[in-house]
$ cat work-v1.txt   # compact mmCIF, N, CA and C atoms
# COMPACT_ATOMS: atom_id res chain seq x y z
N MET A 1 60.69 92.89 93.34
CA MET A 1 61.28 92.42 92.08
C MET A 1 62.81 92.47 92.21
N THR A 2 63.44 91.40 91.87
CA THR A 2 64.89 91.34 91.97
C THR A 2 65.53 92.09 90.80
N SER A 3 66.81 92.38 90.96
CA SER A 3 67.52 93.08 89.88
C SER A 3 67.60 92.21 88.63
N GLU A 4 67.65 90.90 88.82
CA GLU A 4 67.66 89.99 87.67
C GLU A 4 66.36 90.10 86.88
N ASN A 5 65.25 90.13 87.61
CA ASN A 5 63.95 90.26 86.95
C ASN A 5 63.82 91.62 86.25
N ARG A 6 64.32 92.66 86.88
CA ARG A 6 64.28 93.99 86.26
C ARG A 6 65.11 93.99 84.97
N LYS A 7 66.25 93.33 85.01
CA LYS A 7 67.10 93.26 83.81
C LYS A 7 66.38 92.51 82.70
N ILE A 8 65.76 91.39 83.03
CA ILE A 8 65.03 90.60 82.04
C ILE A 8 63.88 91.42 81.48
N ASP A 9 63.15 92.13 82.35
CA ASP A 9 62.04 92.98 81.89
C ASP A 9 62.54 94.07 80.95
N SER A 10 63.67 94.67 81.29
CA SER A 10 64.24 95.72 80.45
C SER A 10 64.66 95.16 79.09
N LEU A 11 65.29 94.01 79.10
CA LEU A 11 65.71 93.37 77.85
C LEU A 11 64.49 92.98 77.00
N MET A 12 63.44 92.49 77.65
CA MET A 12 62.22 92.13 76.93
C MET A 12 61.58 93.37 76.32
N GLN A 13 61.56 94.46 77.06
CA GLN A 13 60.98 95.70 76.51
C GLN A 13 61.75 96.16 75.29
N ARG A 14 63.07 96.08 75.34
CA ARG A 14 63.88 96.49 74.18
C ARG A 14 63.60 95.58 72.99
N ALA A 15 63.51 94.29 73.23
CA ALA A 15 63.21 93.35 72.14
C ALA A 15 61.84 93.65 71.55
N GLN A 16 60.87 93.99 72.39
CA GLN A 16 59.53 94.32 71.91
C GLN A 16 59.53 95.60 71.09
N GLU A 17 60.31 96.59 71.52
CA GLU A 17 60.42 97.84 70.76
C GLU A 17 60.99 97.57 69.37
N LEU A 18 62.04 96.77 69.34
CA LEU A 18 62.66 96.43 68.06
C LEU A 18 61.70 95.62 67.19
N GLU A 19 60.97 94.71 67.81
CA GLU A 19 60.00 93.90 67.06
C GLU A 19 58.96 94.81 66.40
N ARG A 20 58.43 95.77 67.15
CA ARG A 20 57.44 96.70 66.58
C ARG A 20 58.05 97.50 65.43
N SER A 21 59.28 97.97 65.61
CA SER A 21 59.95 98.74 64.55
C SER A 21 60.15 97.90 63.30
N ILE A 22 60.55 96.66 63.50
CA ILE A 22 60.80 95.75 62.37
C ILE A 22 59.50 95.48 61.62
N LEU A 23 58.44 95.20 62.36
CA LEU A 23 57.17 94.88 61.71
C LEU A 23 56.60 96.06 60.95
N ALA A 24 56.93 97.28 61.37
CA ALA A 24 56.42 98.48 60.71
C ALA A 24 57.32 98.95 59.57
N ALA A 25 58.51 98.38 59.47
CA ALA A 25 59.51 98.86 58.51
C ALA A 25 59.39 98.16 57.16
N HIS A 26 59.98 98.79 56.16
CA HIS A 26 60.11 98.17 54.84
C HIS A 26 61.22 97.13 54.88
N ARG A 27 61.31 96.30 53.87
CA ARG A 27 62.22 95.15 53.85
C ARG A 27 63.67 95.51 54.18
N LEU A 28 64.24 96.46 53.48
CA LEU A 28 65.65 96.77 53.72
C LEU A 28 65.87 97.41 55.09
N ASP A 29 64.90 98.18 55.56
CA ASP A 29 65.01 98.76 56.90
C ASP A 29 64.95 97.67 57.96
N ARG A 30 64.16 96.61 57.70
CA ARG A 30 64.11 95.49 58.65
C ARG A 30 65.47 94.83 58.76
N LEU A 31 66.14 94.70 57.64
CA LEU A 31 67.44 94.05 57.65
C LEU A 31 68.47 94.87 58.42
N VAL A 32 68.31 96.18 58.42
CA VAL A 32 69.22 97.03 59.19
C VAL A 32 69.01 96.80 60.69
N LEU A 33 67.77 96.55 61.09
CA LEU A 33 67.46 96.33 62.51
C LEU A 33 67.73 94.90 62.97
N TYR A 34 67.88 93.99 62.03
CA TYR A 34 68.05 92.57 62.36
C TYR A 34 69.20 92.28 63.34
N PRO A 35 70.41 92.81 63.11
CA PRO A 35 71.50 92.48 64.05
C PRO A 35 71.20 92.93 65.48
N GLU A 36 70.63 94.10 65.63
CA GLU A 36 70.31 94.59 66.97
C GLU A 36 69.22 93.74 67.63
N PHE A 37 68.24 93.34 66.83
CA PHE A 37 67.15 92.49 67.35
C PHE A 37 67.71 91.14 67.78
N SER A 38 68.54 90.55 66.95
CA SER A 38 69.13 89.26 67.26
C SER A 38 69.98 89.34 68.53
N GLN A 39 70.72 90.42 68.64
CA GLN A 39 71.56 90.62 69.83
C GLN A 39 70.69 90.81 71.08
N ALA A 40 69.58 91.51 70.95
CA ALA A 40 68.67 91.71 72.08
C ALA A 40 68.11 90.37 72.55
N LEU A 41 67.76 89.51 71.61
CA LEU A 41 67.26 88.19 71.99
C LEU A 41 68.35 87.35 72.65
N ALA A 42 69.56 87.45 72.16
CA ALA A 42 70.68 86.71 72.76
C ALA A 42 70.93 87.19 74.19
N ARG A 43 70.90 88.49 74.39
CA ARG A 43 71.09 89.03 75.75
C ARG A 43 69.97 88.56 76.69
N LEU A 44 68.77 88.51 76.15
CA LEU A 44 67.63 88.04 76.95
C LEU A 44 67.85 86.60 77.38
N ARG A 45 68.30 85.76 76.47
CA ARG A 45 68.57 84.35 76.81
C ARG A 45 69.68 84.23 77.84
N VAL A 46 70.74 84.99 77.66
CA VAL A 46 71.87 84.94 78.59
C VAL A 46 71.44 85.36 80.00
N ALA A 47 70.51 86.32 80.06
CA ALA A 47 70.03 86.80 81.36
C ALA A 47 69.06 85.82 82.02
N GLY A 48 68.67 84.77 81.29
CA GLY A 48 67.77 83.78 81.85
C GLY A 48 66.33 83.94 81.42
N GLY A 49 66.07 84.86 80.51
CA GLY A 49 64.71 85.06 80.02
C GLY A 49 64.43 84.19 78.80
N ARG A 50 63.16 84.14 78.44
CA ARG A 50 62.74 83.37 77.26
C ARG A 50 62.07 84.31 76.29
N ALA A 51 62.52 84.26 75.08
CA ALA A 51 61.90 85.06 74.03
C ALA A 51 60.63 84.35 73.57
N PRO A 52 59.56 85.11 73.35
CA PRO A 52 58.34 84.50 72.82
C PRO A 52 58.59 83.87 71.46
N SER A 53 57.82 82.84 71.14
CA SER A 53 58.02 82.14 69.88
C SER A 53 57.83 83.06 68.68
N ARG A 54 56.97 84.08 68.79
CA ARG A 54 56.77 85.00 67.65
C ARG A 54 58.06 85.77 67.36
N MET A 55 58.82 86.08 68.41
CA MET A 55 60.09 86.79 68.20
C MET A 55 61.13 85.86 67.57
N LEU A 56 61.12 84.62 67.98
CA LEU A 56 62.06 83.66 67.40
C LEU A 56 61.74 83.42 65.93
N ARG A 57 60.44 83.36 65.60
CA ARG A 57 60.05 83.22 64.19
C ARG A 57 60.48 84.44 63.39
N LEU A 58 60.31 85.62 63.96
CA LEU A 58 60.72 86.86 63.28
C LEU A 58 62.23 86.86 63.06
N GLU A 59 62.98 86.42 64.05
CA GLU A 59 64.43 86.36 63.92
C GLU A 59 64.84 85.42 62.78
N ARG A 60 64.19 84.25 62.70
CA ARG A 60 64.49 83.30 61.62
C ARG A 60 64.13 83.88 60.25
N MET A 61 62.99 84.57 60.19
CA MET A 61 62.56 85.17 58.93
C MET A 61 63.57 86.24 58.48
N LEU A 62 64.04 87.04 59.42
CA LEU A 62 65.02 88.08 59.09
C LEU A 62 66.34 87.46 58.66
N CYS A 63 66.72 86.38 59.28
CA CYS A 63 67.95 85.68 58.90
C CYS A 63 67.85 85.19 57.46
N GLU A 64 66.71 84.62 57.11
CA GLU A 64 66.49 84.15 55.74
C GLU A 64 66.48 85.32 54.75
N GLU A 65 65.85 86.43 55.13
CA GLU A 65 65.83 87.61 54.26
C GLU A 65 67.24 88.15 54.04
N ALA A 66 68.04 88.16 55.12
CA ALA A 66 69.41 88.65 55.01
C ALA A 66 70.22 87.75 54.07
N ALA A 67 70.03 86.45 54.17
CA ALA A 67 70.74 85.52 53.29
C ALA A 67 70.29 85.72 51.84
N ASP A 68 69.00 85.87 51.62
CA ASP A 68 68.49 86.12 50.27
C ASP A 68 69.07 87.41 49.70
N GLU A 69 69.11 88.43 50.51
CA GLU A 69 69.63 89.72 50.06
C GLU A 69 71.11 89.60 49.69
N MET A 70 71.86 88.84 50.47
CA MET A 70 73.29 88.66 50.20
C MET A 70 73.48 87.98 48.83
N PHE A 71 72.69 86.95 48.56
CA PHE A 71 72.84 86.22 47.30
C PHE A 71 72.27 86.98 46.13
N ASP A 72 71.24 87.80 46.38
CA ASP A 72 70.68 88.61 45.30
C ASP A 72 71.67 89.64 44.77
N ASN A 73 72.60 90.05 45.62
CA ASN A 73 73.55 91.08 45.24
C ASN A 73 74.89 90.53 44.76
N MET A 74 75.01 89.23 44.62
CA MET A 74 76.28 88.64 44.17
C MET A 74 76.38 88.76 42.66
N PRO A 75 77.55 89.14 42.16
CA PRO A 75 77.71 89.20 40.72
C PRO A 75 77.72 87.80 40.11
N VAL A 76 77.25 87.72 38.89
CA VAL A 76 77.17 86.42 38.21
C VAL A 76 78.29 86.28 37.22
$ encode --input "work-v1.txt" --output "structure tokens"
Amino acid sequence: MTSENRKIDSLMQRAQELERSILAAHRLDRLVLYPEFSQALARLRVAGGRAPSRMLRLERMLCEEAADEMFDNMPV
């Protein structure tokens, strides 16, 4: 196994750990983990890996939740 493959495997493992944590967490706790999860997926892409579609869907869902939360807290 090359060092590139080891790096991709390590990045994928971290993304999977975060995915499990996010799926087990309550809504606001998920939003706290969102930036780290998104960054893990970005690092995976930069290293040449591909994130599974379920992770990409989770990232989009978290992005939408973060936007909703931002607007829910705006004064009227």
$ closest_residue --input "work-v1.txt" --among "A:Ser10, A:Ala15, A:Glu4, A:Asp68" --to "Ser38 in chain A" --atoms "all atoms listed in the file"
A:Ala15
$ atom_distance --input "work-v1.txt" --atom1 "atom C of Val46 in chain A" --atom2 "atom N of Glu19 in chain A"
18.6 Å
$ residues_around --input "work-v1.txt" --residues "range 30-36 of chain A" --least-positions-apart "6" --cutoff "7 Å" --atoms "all atoms listed in the file" --output "ChimeraX atom specification"
/A:21-23,62,65-66
$ axis_aligned_box --input "work-v1.txt" --around "range 33-46 of chain A" --padding-each-side "3 Å" --output "AutoDock Vina command-line options"
--center_x 69.5 --center_y 90.4 --center_z 70.5 --size_x 10.7 --size_y 18.3 --size_z 24.9
$ decode --input "work-v1.txt" --residues "range 13-62 of chain A" --atoms "N, CA and C atoms" --output "tab-separated table (two decimals), in the first residue's frame"
chain	number	residue	atom	x	y	z
A	13	GLN	N	-11.35	7.04	7.19
A	13	GLN	CA	-11.71	6.58	8.54
A	13	GLN	C	-12.17	7.75	9.40
A	14	ARG	N	-11.47	8.87	9.31
A	14	ARG	CA	-11.87	10.04	10.10
A	14	ARG	C	-13.25	10.54	9.67
A	15	ALA	N	-13.49	10.58	8.37
A	15	ALA	CA	-14.80	11.01	7.87
A	15	ALA	C	-15.89	10.05	8.36
A	16	GLN	N	-15.61	8.76	8.38
A	16	GLN	CA	-16.58	7.78	8.86
A	16	GLN	C	-16.85	7.94	10.35
A	17	GLU	N	-15.81	8.22	11.13
A	17	GLU	CA	-15.99	8.46	12.56
A	17	GLU	C	-16.90	9.67	12.80
A	18	LEU	N	-16.63	10.73	12.06
A	18	LEU	CA	-17.45	11.93	12.19
A	18	LEU	C	-18.88	11.66	11.74
A	19	GLU	N	-19.03	10.90	10.66
A	19	GLU	CA	-20.37	10.56	10.17
A	19	GLU	C	-21.16	9.83	11.26
A	20	ARG	N	-20.53	8.84	11.89
A	20	ARG	CA	-21.22	8.10	12.96
A	20	ARG	C	-21.59	9.02	14.11
A	21	SER	N	-20.68	9.91	14.49
A	21	SER	CA	-20.96	10.85	15.58
A	21	SER	C	-22.11	11.77	15.23
A	22	ILE	N	-22.12	12.25	14.00
A	22	ILE	CA	-23.18	13.16	13.55
A	22	ILE	C	-24.53	12.46	13.56
A	23	LEU	N	-24.56	11.24	13.04
A	23	LEU	CA	-25.82	10.51	12.96
A	23	LEU	C	-26.37	10.16	14.34
A	24	ALA	N	-25.50	10.03	15.33
A	24	ALA	CA	-25.93	9.69	16.69
A	24	ALA	C	-26.25	10.93	17.53
A	25	ALA	N	-25.89	12.10	17.03
A	25	ALA	CA	-26.01	13.33	17.82
A	25	ALA	C	-27.37	14.00	17.63
A	26	HIS	N	-27.69	14.87	18.58
A	26	HIS	CA	-28.87	15.72	18.46
A	26	HIS	C	-28.58	16.84	17.47
A	27	ARG	N	-29.61	17.55	17.05
A	27	ARG	CA	-29.51	18.55	15.98
A	27	ARG	C	-28.39	19.58	16.20
A	28	LEU	N	-28.38	20.23	17.34
A	28	LEU	CA	-27.37	21.28	17.55
A	28	LEU	C	-25.97	20.70	17.67
A	29	ASP	N	-25.85	19.50	18.22
A	29	ASP	CA	-24.54	18.85	18.29
A	29	ASP	C	-24.04	18.49	16.90
A	30	ARG	N	-24.97	18.12	16.00
A	30	ARG	CA	-24.57	17.83	14.62
A	30	ARG	C	-23.99	19.07	13.96
A	31	LEU	N	-24.59	20.20	14.23
A	31	LEU	CA	-24.11	21.43	13.62
A	31	LEU	C	-22.72	21.81	14.11
A	32	VAL	N	-22.41	21.43	15.34
A	32	VAL	CA	-21.07	21.69	15.87
A	32	VAL	C	-20.03	20.84	15.12
A	33	LEU	N	-20.42	19.63	14.75
A	33	LEU	CA	-19.50	18.72	14.05
A	33	LEU	C	-19.43	18.99	12.54
A	34	TYR	N	-20.38	19.73	12.02
A	34	TYR	CA	-20.46	19.97	10.58
A	34	TYR	C	-19.17	20.55	9.97
A	35	PRO	N	-18.58	21.61	10.54
A	35	PRO	CA	-17.37	22.15	9.90
A	35	PRO	C	-16.23	21.13	9.82
A	36	GLU	N	-16.05	20.36	10.87
A	36	GLU	CA	-14.97	19.36	10.86
A	36	GLU	C	-15.26	18.26	9.83
A	37	PHE	N	-16.53	17.86	9.73
A	37	PHE	CA	-16.92	16.84	8.76
A	37	PHE	C	-16.70	17.36	7.34
A	38	SER	N	-17.12	18.57	7.08
A	38	SER	CA	-16.96	19.16	5.76
A	38	SER	C	-15.48	19.28	5.39
A	39	GLN	N	-14.68	19.67	6.36
A	39	GLN	CA	-13.24	19.78	6.13
A	39	GLN	C	-12.62	18.40	5.87
A	40	ALA	N	-13.08	17.39	6.58
A	40	ALA	CA	-12.57	16.03	6.36
A	40	ALA	C	-12.87	15.56	4.94
A	41	LEU	N	-14.07	15.86	4.47
A	41	LEU	CA	-14.42	15.49	3.09
A	41	LEU	C	-13.59	16.26	2.08
A	42	ALA	N	-13.34	17.52	2.35
A	42	ALA	CA	-12.51	18.33	1.45
A	42	ALA	C	-11.09	17.78	1.39
A	43	ARG	N	-10.54	17.42	2.54
A	43	ARG	CA	-9.19	16.84	2.57
A	43	ARG	C	-9.14	15.52	1.80
A	44	LEU	N	-10.20	14.74	1.93
A	44	LEU	CA	-10.28	13.47	1.22
A	44	LEU	C	-10.26	13.71	-0.29
A	45	ARG	N	-11.01	14.69	-0.75
A	45	ARG	CA	-11.04	15.01	-2.19
A	45	ARG	C	-9.67	15.49	-2.66
A	46	VAL	N	-9.05	16.35	-1.89
A	46	VAL	CA	-7.73	16.90	-2.26
A	46	VAL	C	-6.70	15.78	-2.36
A	47	ALA	N	-6.82	14.78	-1.49
A	47	ALA	CA	-5.88	13.66	-1.50
A	47	ALA	C	-6.14	12.69	-2.64
A	48	GLY	N	-7.24	12.89	-3.37
A	48	GLY	CA	-7.54	12.02	-4.50
A	48	GLY	C	-8.58	10.95	-4.19
A	49	GLY	N	-9.17	11.00	-3.01
A	49	GLY	CA	-10.20	10.03	-2.65
A	49	GLY	C	-11.58	10.52	-3.04
A	50	ARG	N	-12.53	9.61	-2.97
A	50	ARG	CA	-13.93	9.95	-3.27
A	50	ARG	C	-14.78	9.67	-2.05
A	51	ALA	N	-15.53	10.64	-1.67
A	51	ALA	CA	-16.45	10.46	-0.55
A	51	ALA	C	-17.69	9.71	-1.05
A	52	PRO	N	-18.18	8.77	-0.26
A	52	PRO	CA	-19.41	8.08	-0.66
A	52	PRO	C	-20.57	9.06	-0.77
A	53	SER	N	-21.53	8.73	-1.61
A	53	SER	CA	-22.66	9.63	-1.83
A	53	SER	C	-23.44	9.87	-0.55
A	54	ARG	N	-23.49	8.90	0.37
A	54	ARG	CA	-24.22	9.11	1.63
A	54	ARG	C	-23.57	10.21	2.45
A	55	MET	N	-22.25	10.31	2.38
A	55	MET	CA	-21.55	11.37	3.11
A	55	MET	C	-21.81	12.73	2.47
A	56	LEU	N	-21.86	12.76	1.16
A	56	LEU	CA	-22.14	14.02	0.46
A	56	LEU	C	-23.56	14.49	0.76
A	57	ARG	N	-24.50	13.54	0.81
A	57	ARG	CA	-25.88	13.90	1.18
A	57	ARG	C	-25.94	14.43	2.61
A	58	LEU	N	-25.21	13.80	3.51
A	58	LEU	CA	-25.17	14.25	4.90
A	58	LEU	C	-24.58	15.66	4.98
A	59	GLU	N	-23.54	15.91	4.22
A	59	GLU	CA	-22.92	17.23	4.22
A	59	GLU	C	-23.91	18.29	3.73
A	60	ARG	N	-24.66	17.99	2.66
A	60	ARG	CA	-25.67	18.93	2.16
A	60	ARG	C	-26.77	19.17	3.18
A	61	MET	N	-27.20	18.10	3.85
A	61	MET	CA	-28.25	18.21	4.86
A	61	MET	C	-27.78	19.10	6.01
A	62	LEU	N	-26.54	18.91	6.43
A	62	LEU	CA	-25.99	19.73	7.52
A	62	LEU	C	-25.86	21.18	7.10
